[in-house]
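Enquirer: Below you will find the structure I want to go over with you.
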Amino acid sequence: MKRLLLALLCLFSFSVYANEPTSTQEEATDKEAFSPGEMILHHIGDAHEWHFATLGDEEHGTHLTLPLPVIAFRPGKGLSVFSSSQLAEGKTYDGLKLEHEHLVSEDGSKVYDFSITKNVASLMLSAALLLLVFTSVARGYAKRGSGAPKGIQSFFEPIIVFVRDEVAKKSIGPKYERYMPYLLTVFFFIWFNNLLGLVPGGANLTGNIAVTLTLAVLTLLITLFSSNKNYWHHIFATPGVPKALLPIMIPVEIIGIFVKPFSLMVRLFANITAGHIVILSFISLIFIFRNIGVAPVTLAFGLFINMLELLVAILQAYIFTLLTAMYIGGAVEEHHDADYQMGGGNGADEAHAHAH
Amino acid sequence: MQIVTPELGLIFWQLVIFGIVLLLLRAFAWKPILSSLKERESSIEGALRMADQAKLEMQQLKAGNEKLLADARMERDRILKEATDVSNQLIEQAKTKATEEGSRMILQAREAIQNEKNAALAEVKNTAAKLSIDIAERILRRELADQPAQQQLVDSYLQEVKLN
């Protein structure tokens with residue numbers, strides 16, 4: 001499954017690179033030429049400014065953009081903070097310039113880019129939203145005590161209870177309570193950001209590999225730090241495996257530790273990015289055909305995929321949370337017999353099947 | 001390969017902001033929410049258990065009431081039976097007493113009658129004797145001079161005559 005995904009990804013990125021020379025050629029001959037690959041990559045990628053729309057043509061029109069702060073750290077030179085509008089349209093500022101949305105220095109020295117990019121801004125927005133929503137939910141509990149929930153509280157309560165009962169309790173077991181804050185935060189973080197990514201003009205945060213990488217590493221760290229003797233015993237002396245096979249089994253098990261979070265990272269990234277690419281592709285059809293006749297098809301398919309993405313948004317949040325809970329459950333489990341395979345193997349496969 | 005290359009800046013911000021969100025939500029949202037949920041669930045569970053207990057108690061009370069009622073009924077029946085018995089006994093006693101009294105009175109009456117009869121007979125005897133003597137005296141005053149001899153003879157005759 002994972003290999004297939006990677007292969008797909010590779011195919012996709014190759015095709016983009018294959019497209020690029022032709023599109024630049026076309027641009028050379030025809031300024032108006034539209035390159036869907038470039039447009040899509042631009043939309044799903046990160047940016048140093050938040051671009052909403054362009055009124056008029058690319059060259060002379062008005063760009064509705066929100067400039068964001070650039071924060072660059074160069075060893076020796078220190079920190080430099082300035083507005084991204086200084087770098088607009090290939091301008092150079094303080095010896096820095098943007099190359100394909102990548103901050104580089106003119107003299108080729110190393111630059112560490114800590115800019116508040118579009119994704120970071122969206123991340124901050126979602127963080128504020130999460131805090132706002134869930135503190136108000138918590139206020140509902142403080143106000144109504146153990147009475148019936150109301151308003152926003154009654155909307156989120158079944159979801160919180162679902163994460164607790166169906167995800168945490170079933171996958172982790174009696175020690176689930178310690179992991180509830182992480183599981184709930186991951187679930188709602190992914191869900192909210194998936195939805196924010198679907199808003200026109202929104203950033204593709206959960207479809208960014210850096211974000212999914214961070215979340216997967218956090219899951220890995222939590223799994224490793226909460227692992228007990230049984231977990232390591234299972235890795236270094238797998239029960240029921242002949243001693244002679246251990247030299248093969250141990251490396252496989254160790255790879256397994258890292259493959260699990262790697263699959264989390266790739267699954268979320270690929271699912272969300274793929275959804276965006278599909279929607280953008282349908283929209284691109286309009287610009288490729290330059291014909292109003294194609295609009296109904298584009299709209300219908302775009303709408304359909306958008307609805308699907310709404311489902312995928314919560315599904316991926318659920319899968320990420322469920323698998324995280326299963327990995328933690330495997331690490332804290334006390335009795336390590338056939339149950340382990342259930343928790344780590346079958347369940348995960350089932351979830352994989354769900355994911356696609 | 002740009003889209004599959006994680007960028008340091010975003011990793012840094014993601015780590016920082018997600019960490020802050022996690023800590024803040026844990027303190028101000030998840031802990032109060034989860035504890036309230038737990039509290040509510042335990043209160044619901046407690047209420048359900050209490051309802052069950054109340055039902056059980058109700059049943060026990062009902063059973064107790066029924067037992068009390070049955071006891072009262074039994075008591076009533078017993079008292080009624082006792083009263084009937086006592087009244088029957090009383091009637092029986094009264095009847096026996098009355099019969100006894102009746103027969104005693106009859107006996108007394110008989111005795112009295114006998115006595116009266118005896119007295120009457122004795123008087124009749126005396127009167128008859130006096131009459132006979134008078135009659136005989138009158139007869140014999142003329143005919144017999146020896147009155148005592150005559151009297152003796154009459155007495156002996158009278159002795160012979162047994163009047164009862």
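Residues are named by chain letter and number: chains run A, B, ... in the order of the structure tokens, numbers start at 1 in each chain, and ligands are numbered from 1 in the order shown.
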Select, as a count of residues only, those residues of chain B with any atom no more than 10 Å from chain A (distances computed using only C-alpha atoms).

Expert: 43

Enquirer: Using only C-alpha atoms, can you tell me which of A:Gln316, A:Thr92, A:Ser284, A:Asn291 comes closest to Asn193 of chain A?

Expert: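 Closest residue, counting only C-alpha atoms: A:Gln316.
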
Enquirer: Tell me, in Å to one decimal, how far atom CA of Phe262 of chain A is from atom CA of His233 of chain A.

Expert: 22.4 Å

Enquirer: Which distance in Å separates atom CA of Leu224 of chain A and atom CA of Pro239 of chain A, to one decimal?

Expert: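 Between these atoms lies a distance of 20.0 Å.
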